[in-house]
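Engineer: Handing you a structure now.
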Amino acid sequence: MNLIKSLLASTALLLAVPQFAKAEILVGFVTGLSGPVSSIGIPNAKGIAAGQAYVGEIGGEKLRVIQLDDGSDPTASARNARKLVEQEKVDILIGTSGAPQTLAMAAAAVEMKVPMIAVSPIAQVSAGDGGPWVVQIPQPTSLLLQGIVDNMKAKGLKSVAFIGFSDALGDLFYDSLIQAAKSADIKVIANERYARSDSSVTAQVLRVVAAHPDAIMLGGTGTPGALPVIALSERGYKGPLYGNHGMISADFLRLAGKAANGIICPTGPVTAAEQLAASNPIQKVALDFRAAFEKANGEAPTDSFSSYSFDGWLVLADAAKRAMASGAKPGSPEFRTALRQALFTTKEVVGTQGVYTYTPADRYGVDDRSRIMVQIEDGKYKLLP
């Protein structure tokens, strides 16, 4: 009888002790599901969904995403970042769509001392207390633009005109073009800009054509990036056209139509995964991404933006695994710090767009393996040698 009473008492005591569940790793994700950058933001969201289908937990801890729409507004991007950190207590931030929006979000992340993975190309963000907090997934624009200039130089072209967005991304493209062209003795003879919300670029295109450049570089992305392409075609421009990785998009191809034929773009390896050498480790991950994307979204990927957020997820998963090994618990300031340290010691993480190795001195993390050159032909991308 005493034994039975003792066992019952022990059972009651065990039931009275709270059973703590393992803490989730909370990921705050901001993207532009509405507004002028939604043609990038919606694919970004689908890429995160593919990442979750590919890697859903780390060491038994679930990776849970809290997603917010910033409406393509930089003010909302920063506000959402603050809400995710201060109210939802996320461990890390990922986002967002468009350079101005991502810069605003990154500034908030640095101020709040929360690690962030940027999935849009931005200029390097200033370091915060204790060093940098933000890494970038997209290839640095300078690396991509060097591919354009190398191609121009090989063809003997001596001048180029630029037409692109009148925002931070347009500045990034133009400044990178100026830098690369100078070293190749190629002159940039025009700099025309337009807003993403503009419905016409006739005046800008007429001025570009009047400059008689050997080639034209396009500094727009997504659906707004098609405007100058169509306008140039309507005015009979037959010279070389160079685009950018933001034109690797079904929406861009649909709007630009046959006017896009012949455009040469620097982009990531995932764009022509089947055409890569079988020995290239990126090929396998790129094909795995497509399978995960279909599983998560019920359709095949038709853009490059979703692969950037997918790669961001792979970098996060690798860093989270090493942060967990430190003993820090998700939800704590110590875990945020451990995640940050893990991000900046990332080594040779193979993604769809490149192979990532980050240090405090290199927040871009990729090399020439992250760039290929393709030419658009009838809605497809042909790998150039």
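To be explicit about the labels: the chains of the structure tokens are called A, B, and onward in the order shown, and within each one the residues are counted from 1, while ligands get numbers from 1 in the order they are shown.
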Excluding same-chain residues fewer than 4 positions from Ala107 in chain A, what lies within 12 Å of it counting only C-alpha atoms, as a ChimeraX atom specification?
Structural biologist: /A:74-75,77-79,81-82,93,100-103,111-116,118,122-128,132-134
Engineer: As a list in words, please: all residues of range 158-200 of chain A that backbone DSSP puts in alpha helix (DSSP H).
Structural biologist: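 Of range 158-200 of chain A, the ones in alpha helix (DSSP H) are Ala168, Leu169, Gly170, Asp171, Leu172, Phe173, Tyr174, Asp175, Ser176, Leu177, Ile178, Gln179, Ala180, Ala181, Lys182 and Ser183 of chain A.
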Engineer: Would you mind reading off the distance between CA of Ala320 in chain A and CA of Lys347 in chain A, one decimal, in Å?
Structural biologist: 13.6 Å
Engineer: Can I get the residues of range 61-174 of chain A within 6 Å of range 187-211 of chain A, each with the closest pair of atoms and their distance in Å to one decimal, using only C-alpha atoms, sorted chain first then ascending number, as CSV?
Structural biologist:
residue,atom,partner,partner_atom,distance
A:Ser159,CA,A:Lys187,CA,4.6
A:Val160,CA,A:Val188,CA,4.9
A:Ala161,CA,A:Ala190,CA,4.6
A:Phe162,CA,A:Asn191,CA,4.9
A:Ile163,CA,A:Glu192,CA,4.6
A:Gly164,CA,A:Arg193,CA,5.0
A:Phe165,CA,A:Tyr194,CA,5.1
A:Ser166,CA,A:Arg193,CA,5.0
Engineer: Kindly export the residues of the current selection with N, CA and C atoms, as a compact mmCIF listing (two decimals), in the first residue's frame.
Structural biologist:
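Once written, part_25.txt looks like this:
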# COMPACT_ATOMS: atom_id res chain seq x y z
N SER A 159 31.12 52.56 -76.52
CA SER A 159 30.26 53.48 -75.78
C SER A 159 28.95 52.80 -75.40
N VAL A 160 28.35 53.27 -74.31
CA VAL A 160 27.09 52.69 -73.83
C VAL A 160 26.24 53.79 -73.21
N ALA A 161 24.94 53.71 -73.41
CA ALA A 161 23.99 54.62 -72.77
C ALA A 161 23.21 53.84 -71.72
N PHE A 162 22.81 54.53 -70.68
CA PHE A 162 22.11 53.88 -69.57
C PHE A 162 20.71 54.46 -69.44
N ILE A 163 19.71 53.59 -69.24
CA ILE A 163 18.36 54.03 -68.90
C ILE A 163 17.84 53.09 -67.81
N GLY A 164 17.52 53.67 -66.64
CA GLY A 164 17.11 52.84 -65.51
C GLY A 164 16.26 53.60 -64.51
N PHE A 165 15.96 52.93 -63.42
CA PHE A 165 15.09 53.50 -62.38
C PHE A 165 15.72 54.74 -61.74
N SER A 166 14.87 55.65 -61.32
CA SER A 166 15.32 56.86 -60.62
C SER A 166 15.25 56.63 -59.11
Engineer: Restricting the calculation to only C-alpha atoms, which member of A:Glu234, A:Glu274, A:Asp367, A:Glu334 is positioned closest to Pro140 in chain A?
Structural biologist: A:Asp367
Engineer: Could you check which of A:Ala259, A:Asp167, A:Ala338, A:Asp288 is closest to Gly236 in chain A, using only C-alpha atoms?
Structural biologist: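 Closest to Gly236 in chain A of all the choices is A:Ala259.
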Engineer: Find, counting only C-alpha atoms, the residue in A:Ala291, A:Ile117, A:Ile186, A:Ala231 that gets nearest to Asp214 in chain A.
Structural biologist: A:Ile186
Engineer: Using only C-alpha atoms, can you tell me which of A:Ser326, A:Thr337, A:Asn151, A:Gln353 comes closest to Gly131 in chain A?
Structural biologist: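 Nearest candidate to Gly131 in chain A out of A:Ser326, A:Thr337, A:Asn151, A:Gln353: A:Thr337.
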Engineer: Just checking: using only C-alpha atoms, which residue out of A:Ala23, A:Met217, A:Leu33, A:Val110 ends up closest to Gly71 in chain A?
Structural biologist: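 Among the listed residues, A:Leu33 lies closest to Gly71 in chain A.
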Engineer: Using DSSP secondary structure from the backbone, list all strand (DSSP E) positions within range 115-341 of chain A, as a PyMOL selection string.
Structural biologist: chain A and resi 116-118+134-136+159-165+187-194+215-219+241-242+264-267
Engineer: With only C-alpha atoms as the basis for distance, which of A:Ser307, A:Val366, A:Ser34, A:Gln341 is at the shortest distance from Arg322 in chain A?
Structural biologist: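 Once distances to Arg322 in chain A are computed over only C-alpha atoms, the minimum belongs to A:Gln341.
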Engineer: Hey, which bits of range 254-373 of chain A sit within 9 Å of range 377-384 of chain A, and for each residue what's the closest pair of atoms and how far apart in Å (one decimal), counting only C-alpha atoms, rows by chain and increasing number, as a Markdown table?
Structural biologist:
| residue | atom | partner | partner_atom | distance |
| --- | --- | --- | --- | --- |
| A:Arg254 | CA | A:Gly379 | CA | 8.1 |
| A:Gly257 | CA | A:Gly379 | CA | 7.6 |
| A:Lys258 | CA | A:Asp378 | CA | 6.5 |
| A:Ala260 | CA | A:Glu377 | CA | 7.6 |
| A:Asn261 | CA | A:Glu377 | CA | 4.9 |
| A:Gly262 | CA | A:Glu377 | CA | 6.1 |
| A:Ile263 | CA | A:Glu377 | CA | 8.1 |
| A:Ile264 | CA | A:Leu384 | CA | 8.9 |
| A:Thr271 | CA | A:Tyr381 | CA | 7.2 |
| A:Ala272 | CA | A:Leu383 | CA | 6.4 |
| A:Gln275 | CA | A:Leu383 | CA | 6.8 |
| A:Leu276 | CA | A:Leu383 | CA | 8.4 |
| A:Ile372 | CA | A:Leu383 | CA | 7.3 |
| A:Met373 | CA | A:Leu384 | CA | 5.5 |
Engineer: Please dump the current selection as a PDB file, in the first residue's frame; keep C-alpha atoms.
Structural biologist:
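Saved file result.pdb follows:
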ATOM      1  CA  ARG A 254       5.282  38.442 -70.813  1.00  0.00           C
ATOM      2  CA  GLY A 257       7.342  39.953 -75.570  1.00  0.00           C
ATOM      3  CA  LYS A 258       9.490  39.672 -78.683  1.00  0.00           C
ATOM      4  CA  ALA A 260      13.149  41.243 -75.322  1.00  0.00           C
ATOM      5  CA  ASN A 261      14.811  38.981 -77.886  1.00  0.00           C
ATOM      6  CA  GLY A 262      18.563  39.437 -77.956  1.00  0.00           C
ATOM      7  CA  ILE A 263      18.918  41.097 -74.540  1.00  0.00           C
ATOM      8  CA  ILE A 264      22.060  39.858 -72.760  1.00  0.00           C
ATOM      9  CA  THR A 271      18.568  30.573 -64.527  1.00  0.00           C
ATOM     10  CA  ALA A 272      20.212  27.992 -66.782  1.00  0.00           C
ATOM     11  CA  GLN A 275      22.822  23.953 -69.110  1.00  0.00           C
ATOM     12  CA  LEU A 276      25.448  23.957 -66.328  1.00  0.00           C
ATOM     13  CA  ILE A 372      26.625  33.503 -65.771  1.00  0.00           C
ATOM     14  CA  MET A 373      25.700  35.401 -68.946  1.00  0.00           C
TER      15      MET A 373
END
Engineer: Find the residues near Val149 in chain A: any atom within 8 Å, counting only C-alpha atoms, skip ones fewer than 2 places away on the same chain, and give them as number ranges by chain.
Structural biologist: A: 145-147, 151-153, 177, 180-181, 184
Engineer: Give me the residues within 8 Å of Ser39 in chain A as an NGL selection string, counting only C-alpha atoms and dropping any in the same chain fewer than 4 places off.
Structural biologist: :A and (43 or 222-223 or 251)
Engineer: Please write the residues from the selection above to a file, keeping N, CA and C atoms, as a PDB file, in the first residue's frame.
Structural biologist:
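The resulting file, part_34.pdb, is shown below:
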ATOM      1  N   PRO A  43       7.173  36.507 -55.770  1.00  0.00           N
ATOM      2  CA  PRO A  43       8.129  35.409 -55.923  1.00  0.00           C
ATOM      3  C   PRO A  43       9.033  35.228 -54.698  1.00  0.00           C
ATOM      4  N   GLY A 222      11.784  43.681 -63.223  1.00  0.00           N
ATOM      5  CA  GLY A 222      10.390  43.281 -63.169  1.00  0.00           C
ATOM      6  C   GLY A 222       9.575  43.886 -64.293  1.00  0.00           C
ATOM      7  N   THR A 223       8.287  44.055 -64.062  1.00  0.00           N
ATOM      8  CA  THR A 223       7.417  44.581 -65.115  1.00  0.00           C
ATOM      9  C   THR A 223       7.748  46.022 -65.516  1.00  0.00           C
ATOM     10  N   ASP A 251       7.029  37.711 -65.618  1.00  0.00           N
ATOM     11  CA  ASP A 251       6.251  38.939 -65.802  1.00  0.00           C
ATOM     12  C   ASP A 251       6.935  39.878 -66.785  1.00  0.00           C
TER      13      ASP A 251
END
Engineer: Find the spatial neighbours of Asn297 in chain A, counting only C-alpha atoms, within a cut-off of 10 Å - ignore same-chain residues fewer than 4 positions away - and output them as a ChimeraX atom specification.
Structural biologist: /A:46-47,49-50,53,292-293,301
Engineer: Can I get the selection written as a PDB file, in the first residue's frame, with all heavy atoms?
Structural biologist:
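result-v1.pdb, freshly written:
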ATOM      1  N   LYS A  46       7.212  33.128 -52.340  1.00  0.00           N
ATOM      2  CA  LYS A  46       7.148  31.735 -52.797  1.00  0.00           C
ATOM      3  C   LYS A  46       8.491  31.027 -52.582  1.00  0.00           C
ATOM      4  O   LYS A  46       8.532  29.818 -52.322  1.00  0.00           O
ATOM      5  CB  LYS A  46       6.739  31.680 -54.272  1.00  0.00           C
ATOM      6  CG  LYS A  46       5.292  32.107 -54.508  1.00  0.00           C
ATOM      7  CD  LYS A  46       4.912  32.027 -55.979  1.00  0.00           C
ATOM      8  CE  LYS A  46       3.435  32.391 -56.173  1.00  0.00           C
ATOM      9  NZ  LYS A  46       3.029  32.313 -57.611  1.00  0.00           N
ATOM     10  N   GLY A  47       9.578  31.784 -52.684  1.00  0.00           N
ATOM     11  CA  GLY A  47      10.899  31.201 -52.425  1.00  0.00           C
ATOM     12  C   GLY A  47      11.077  30.812 -50.973  1.00  0.00           C
ATOM     13  O   GLY A  47      11.688  29.781 -50.653  1.00  0.00           O
ATOM     14  N   ALA A  49       8.600  29.950 -48.999  1.00  0.00           N
ATOM     15  CA  ALA A  49       7.770  28.752 -48.839  1.00  0.00           C
ATOM     16  C   ALA A  49       8.516  27.507 -49.322  1.00  0.00           C
ATOM     17  O   ALA A  49       8.441  26.443 -48.694  1.00  0.00           O
ATOM     18  CB  ALA A  49       6.460  28.922 -49.605  1.00  0.00           C
ATOM     19  N   ALA A  50       9.259  27.659 -50.423  1.00  0.00           N
ATOM     20  CA  ALA A  50      10.061  26.538 -50.928  1.00  0.00           C
ATOM     21  C   ALA A  50      11.155  26.171 -49.932  1.00  0.00           C
ATOM     22  O   ALA A  50      11.451  24.991 -49.710  1.00  0.00           O
ATOM     23  CB  ALA A  50      10.672  26.899 -52.282  1.00  0.00           C
ATOM     24  N   ALA A  53       9.737  24.140 -47.180  1.00  0.00           N
ATOM     25  CA  ALA A  53       9.474  22.764 -47.624  1.00  0.00           C
ATOM     26  C   ALA A  53      10.769  21.961 -47.693  1.00  0.00           C
ATOM     27  O   ALA A  53      10.772  20.740 -47.501  1.00  0.00           O
ATOM     28  CB  ALA A  53       8.786  22.783 -48.991  1.00  0.00           C
ATOM     29  N   ALA A 292      11.432  21.681 -54.679  1.00  0.00           N
ATOM     30  CA  ALA A 292      10.860  22.207 -53.435  1.00  0.00           C
ATOM     31  C   ALA A 292       9.841  23.309 -53.734  1.00  0.00           C
ATOM     32  O   ALA A 292       8.809  23.421 -53.054  1.00  0.00           O
ATOM     33  CB  ALA A 292      11.972  22.740 -52.531  1.00  0.00           C
ATOM     34  N   PHE A 293      10.124  24.118 -54.738  1.00  0.00           N
ATOM     35  CA  PHE A 293       9.207  25.196 -55.128  1.00  0.00           C
ATOM     36  C   PHE A 293       7.875  24.610 -55.590  1.00  0.00           C
ATOM     37  O   PHE A 293       6.805  25.091 -55.188  1.00  0.00           O
ATOM     38  CB  PHE A 293       9.842  26.035 -56.243  1.00  0.00           C
ATOM     39  CG  PHE A 293       9.066  27.279 -56.594  1.00  0.00           C
ATOM     40  CD1 PHE A 293       9.458  28.508 -56.087  1.00  0.00           C
ATOM     41  CD2 PHE A 293       7.966  27.224 -57.432  1.00  0.00           C
ATOM     42  CE1 PHE A 293       8.751  29.664 -56.403  1.00  0.00           C
ATOM     43  CE2 PHE A 293       7.260  28.370 -57.761  1.00  0.00           C
ATOM     44  CZ  PHE A 293       7.650  29.597 -57.248  1.00  0.00           C
ATOM     45  N   PRO A 301       8.906  27.322 -60.758  1.00  0.00           N
ATOM     46  CA  PRO A 301       9.375  28.715 -60.695  1.00  0.00           C
ATOM     47  C   PRO A 301       9.628  29.269 -62.087  1.00  0.00           C
ATOM     48  O   PRO A 301      10.112  28.558 -62.964  1.00  0.00           O
ATOM     49  CB  PRO A 301      10.675  28.607 -59.889  1.00  0.00           C
ATOM     50  CG  PRO A 301      11.144  27.204 -60.115  1.00  0.00           C
ATOM     51  CD  PRO A 301       9.912  26.369 -60.249  1.00  0.00           C
TER      52      PRO A 301
END
